[in-house]
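For reference, model.cif (mmCIF, C-alpha atoms):
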data_query
#
loop_
_atom_site.label_atom_id
_atom_site.label_comp_id
_atom_site.auth_asym_id
_atom_site.auth_seq_id
_atom_site.Cartn_x
_atom_site.Cartn_y
_atom_site.Cartn_z
CA LEU A 828 121.71 83.38 106.52
CA VAL A 829 121.82 79.59 106.52
CA HIS A 830 118.65 77.57 106.13
CA LEU A 831 118.68 74.19 107.86
CA ASP A 832 116.14 71.56 106.98
CA GLN A 833 115.50 68.43 108.98
CA THR A 834 118.19 66.43 107.13
CA SER A 835 120.99 68.98 107.63
CA GLN A 836 123.61 68.47 110.27
CA PRO A 837 124.03 71.33 112.75
CA ALA A 838 127.14 73.44 112.23
CA ALA A 839 130.06 73.05 114.63
CA PRO A 840 130.05 75.66 117.38
CA ALA A 841 131.98 78.83 116.42
CA SER A 842 134.53 78.25 119.18
CA GLN A 843 135.59 74.98 117.56
CA SER A 844 136.14 76.49 114.11
CA LEU A 845 138.26 79.46 115.21
CA PRO A 846 141.96 79.17 115.99
CA ASP A 847 143.17 79.69 119.54
CA THR A 848 143.36 83.33 120.52
CA GLN A 849 146.95 84.51 120.56
CA ALA A 850 148.66 87.75 121.37
CA PRO A 851 149.19 89.89 118.29
CA ARG A 852 152.47 89.41 116.47
CA VAL A 853 154.77 92.40 116.94
CA GLU A 854 157.17 93.30 114.18
CA PRO A 855 159.63 96.14 114.78
CA LEU A 856 159.79 98.68 111.97
CA ARG A 857 163.22 99.58 110.68
CA GLY A 858 164.73 101.59 107.87
CA ILE A 859 162.44 102.84 105.15
CA ARG A 860 159.34 101.18 106.62
CA ALA A 861 159.92 103.01 109.93
CA VAL A 862 160.37 106.34 108.16
CA MET A 863 157.24 105.77 106.04
CA ALA A 864 155.16 104.94 109.11
CA LYS A 865 156.43 107.98 111.01
CA ARG A 866 155.76 110.32 108.07
CA MET A 867 152.24 108.93 107.61
CA VAL A 868 151.39 109.54 111.28
CA GLU A 869 152.89 113.05 111.14
CA ALA A 870 150.97 113.87 107.97
CA ALA A 871 147.68 112.59 109.37
CA SER A 872 148.03 114.69 112.50
CA THR A 873 149.64 117.91 111.22
CA ILE A 874 148.61 118.51 107.60
CA PRO A 875 145.09 119.78 106.96
CA HIS A 876 143.33 117.28 104.71
CA PHE A 877 140.73 118.02 102.10
CA HIS A 878 139.30 116.46 98.99
CA TYR A 879 138.47 118.25 95.80
CA GLY A 880 137.18 116.86 92.54
CA GLU A 881 136.47 118.38 89.18
CA GLU A 882 136.21 117.16 85.61
CA ILE A 883 138.81 118.68 83.33
CA ASP A 884 139.14 118.43 79.57
CA VAL A 885 142.83 117.58 79.04
CA THR A 886 142.70 117.37 75.24
CA ALA A 887 144.95 120.44 74.84
CA LEU A 888 147.31 119.09 77.53
CA LEU A 889 147.64 115.76 75.71
CA ALA A 890 148.43 117.62 72.47
CA LEU A 891 151.05 119.75 74.25
CA ARG A 892 152.64 116.64 75.74
CA GLU A 893 152.84 115.03 72.30
CA ARG A 894 154.58 118.14 70.93
CA LEU A 895 157.07 118.24 73.83
CA LYS A 896 157.78 114.48 74.00
CA PRO A 897 160.44 114.48 71.26
CA LEU A 898 162.31 117.31 73.02
CA ALA A 899 162.28 115.37 76.29
CA GLU A 900 163.32 112.12 74.60
CA ALA A 901 166.22 113.93 72.90
CA GLN A 902 167.48 114.70 76.42
CA GLY A 903 166.91 111.13 77.60
CA GLU A 904 163.78 111.88 79.62
CA ARG A 905 160.32 110.33 79.56
CA LEU A 906 157.59 112.98 79.62
CA THR A 907 154.49 111.61 81.33
CA LEU A 908 151.48 113.62 82.49
CA MET A 909 152.79 113.65 86.10
CA PRO A 910 155.15 116.64 85.61
CA PHE A 911 152.29 118.67 84.11
CA PHE A 912 150.03 117.87 87.07
CA MET A 913 152.78 118.65 89.58
CA LYS A 914 153.60 121.97 87.94
CA ALA A 915 149.90 122.90 87.81
CA MET A 916 149.55 122.10 91.52
CA ALA A 917 152.61 124.18 92.38
CA LEU A 918 151.27 127.14 90.40
CA ALA A 919 147.84 126.81 92.05
CA ILE A 920 149.46 126.70 95.49
CA THR A 921 151.11 130.06 94.85
CA GLU A 922 147.57 131.44 94.51
CA GLU A 923 146.20 129.50 97.53
CA PRO A 924 149.15 129.18 99.96
CA ILE A 925 147.01 127.70 102.75
CA VAL A 926 147.11 124.43 100.81
CA ASN A 927 150.87 124.35 101.49
CA ALA A 928 150.60 124.96 105.23
CA GLN A 929 151.04 122.76 108.27
CA LEU A 930 149.50 122.95 111.73
CA ASN A 931 152.06 123.12 114.53
CA ALA A 932 152.16 120.52 117.32
CA ALA A 933 150.33 122.80 119.77
CA GLY A 934 147.54 123.33 117.24
CA ASP A 935 147.66 127.09 117.60
CA ALA A 936 149.53 128.24 114.50
CA LEU A 937 149.86 127.49 110.80
CA HIS A 938 153.28 127.30 109.17
CA TYR A 939 153.26 128.36 105.50
CA PHE A 940 155.99 126.75 103.43
CA SER A 941 157.82 128.73 100.77
CA GLU A 942 158.67 125.62 98.73
CA CYS A 943 156.18 123.30 97.09
CA ASN A 944 157.34 119.71 97.58
CA ILE A 945 154.95 117.26 95.96
CA GLY A 946 154.81 113.59 96.87
CA MET A 947 154.00 110.84 94.41
CA ALA A 948 153.04 107.27 95.23
CA VAL A 949 155.36 104.60 93.82
CA ASP A 950 154.81 100.86 94.13
CA SER A 951 158.10 99.36 95.33
CA LYS A 952 159.47 96.09 96.66
CA ALA A 953 159.00 97.43 100.21
CA GLY A 954 155.42 98.52 99.53
CA LEU A 955 153.92 101.87 98.60
CA MET A 956 156.41 104.73 98.95
CA VAL A 957 155.81 108.44 98.57
CA PRO A 958 159.01 110.22 97.57
CA ASN A 959 158.86 113.98 97.10
CA VAL A 960 159.86 116.15 94.18
CA LYS A 961 161.36 119.21 95.87
CA SER A 962 160.73 122.87 94.94
CA VAL A 963 158.38 122.08 92.06
CA GLU A 964 157.50 125.77 91.73
CA ARG A 965 161.09 126.50 90.59
CA LEU A 966 161.55 123.54 88.24
CA THR A 967 160.83 123.31 84.53
CA LEU A 968 158.64 120.52 83.17
CA LEU A 969 161.76 118.69 81.97
CA GLU A 970 163.43 119.02 85.39
CA ILE A 971 160.29 117.68 87.06
CA ALA A 972 160.19 114.78 84.58
CA ARG A 973 163.84 114.02 85.40
CA GLU A 974 163.08 113.96 89.14
CA VAL A 975 159.97 111.83 88.68
CA GLY A 976 162.04 109.34 86.70
CA ARG A 977 164.87 109.32 89.24
CA LEU A 978 162.55 108.85 92.21
CA THR A 979 160.45 106.17 90.50
CA THR A 980 163.55 104.16 89.58
CA ALA A 981 165.05 104.55 93.05
CA ALA A 982 161.82 103.47 94.77
CA ARG A 983 161.36 100.43 92.55
CA GLU A 984 164.98 99.39 93.14
CA GLY A 985 164.62 99.89 96.90
CA ARG A 986 167.24 102.62 97.17
CA VAL A 987 165.30 105.79 97.99
CA ASP A 988 167.24 108.25 100.13
CA GLN A 989 165.63 109.24 103.44
CA ALA A 990 165.71 112.87 102.27
CA ASP A 991 163.53 111.96 99.28
CA LEU A 992 160.82 110.70 101.64
CA LYS A 993 160.75 113.92 103.67
CA GLY A 994 158.56 116.82 102.67
CA GLY A 995 161.04 119.56 103.45
#
What do you get writing this file as structure tokens?
Amino acid sequence: LVHLDQTSQPAAPASQSLPDTQAPRVEPLRGIRAVMAKRMVEAASTIPHFHYGEEIDVTALLALRERLKPLAEAQGERLTLMPFFMKAMALAITEEPIVNAQLNAAGDALHYFSECNIGMAVDSKAGLMVPNVKSVERLTLLEIAREVGRLTTAAREGRVDQADLKGG
């Protein structure tokens, strides 16, 4: 709220302070941006969404990571917490397969996927990308770490393959 006293000048009418109304600017989407937009729309309309939160004590996980880090580094890999989280999700999905299901276009059937492909957000030159680590349920922690590293580097350098942005 603005308080005007007798010495204040009245504000200019709103129509004078706003720019002329113009048609919205249209920018065609091409390449990776087009694929990202298409995948986001598909995901929003076909994948059941839910939110779950829980506090977890990761003290033992941090200790395990510290013990395994030298082994990973000896093979030229960086072992972050991401591979542990991805592997845990893949193992949980084997117990709750509905989490790895997709609604068909007609909305009358669920498709259960045999592979667990897990996307990870990466900040890139082209914006936020979500490449997928494929078949996480079959990979070791070191293999997941290798894929996370490869996909992160590719996204940041702007050279992610289209296949890496697809879930299946």
Closest atom pairs, range 903-924 of chain A residues within 9 Å of range 963-978 of chain A, all atoms listed in the file, as a tab-separated table:
residue	atom	partner	partner_atom	distance
A:Gly903	CA	A:Arg973	CA	8.9
A:Glu904	CA	A:Arg973	CA	6.2
A:Arg905	CA	A:Ala972	CA	6.7
A:Leu906	CA	A:Ala972	CA	5.9
A:Thr907	CA	A:Ala972	CA	7.3
A:Met909	CA	A:Ala972	CA	7.6
A:Pro910	CA	A:Ile971	CA	5.4
A:Phe911	CA	A:Leu968	CA	6.7
A:Met913	CA	A:Val963	CA	7.0
A:Lys914	CA	A:Val963	CA	6.3
A:Met916	CA	A:Glu964	CA	8.8
A:Ala917	CA	A:Glu964	CA	5.2
A:Leu918	CA	A:Glu964	CA	6.5
A:Ile920	CA	A:Glu964	CA	8.9
A:Thr921	CA	A:Glu964	CA	8.3
Spatial neighbours of Ile883 in chain A, 12 Å, all atoms listed in the file, chain gap at least 4 places, as a PyMOL selection string
chain A and resi 887-888+912
Same residues, C-alpha atoms, output as a CSV table (one decimal), in the coordinates of the input:
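After the write, again-v4.csv holds the following:
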chain,number,residue,atom,x,y,z
A,887,ALA,CA,145.0,120.4,74.8
A,888,LEU,CA,147.3,119.1,77.5
A,912,PHE,CA,150.0,117.9,87.1
Between CA of Ser951 in chain A and CA of Ala871 in chain A, distance in Å (one decimal)
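Between CA of Ser951 in chain A and CA of Ala871 in chain A the gap works out to 21.9 Å.
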Report, in Å with one decimal, the straight-line distance from CA of Val862 in chain A to CA of Ala919 in chain A.
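CA of Ala919 in chain A lies 28.9 Å from CA of Val862 in chain A.
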Between A:Gly934, A:Gly985, A:Pro958, A:Gly994, which one has atoms that come closest to Ser872 in chain A, using only C-alpha atoms?
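Between A:Gly934, A:Gly985, A:Pro958, A:Gly994, the residue approaching Ser872 in chain A most closely is A:Gly934.
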Kindly give the distance, in Å, that separates CA of Lys993 in chain A and CA of Ala899 in chain A, rounded to a single decimal.
27.5 Å
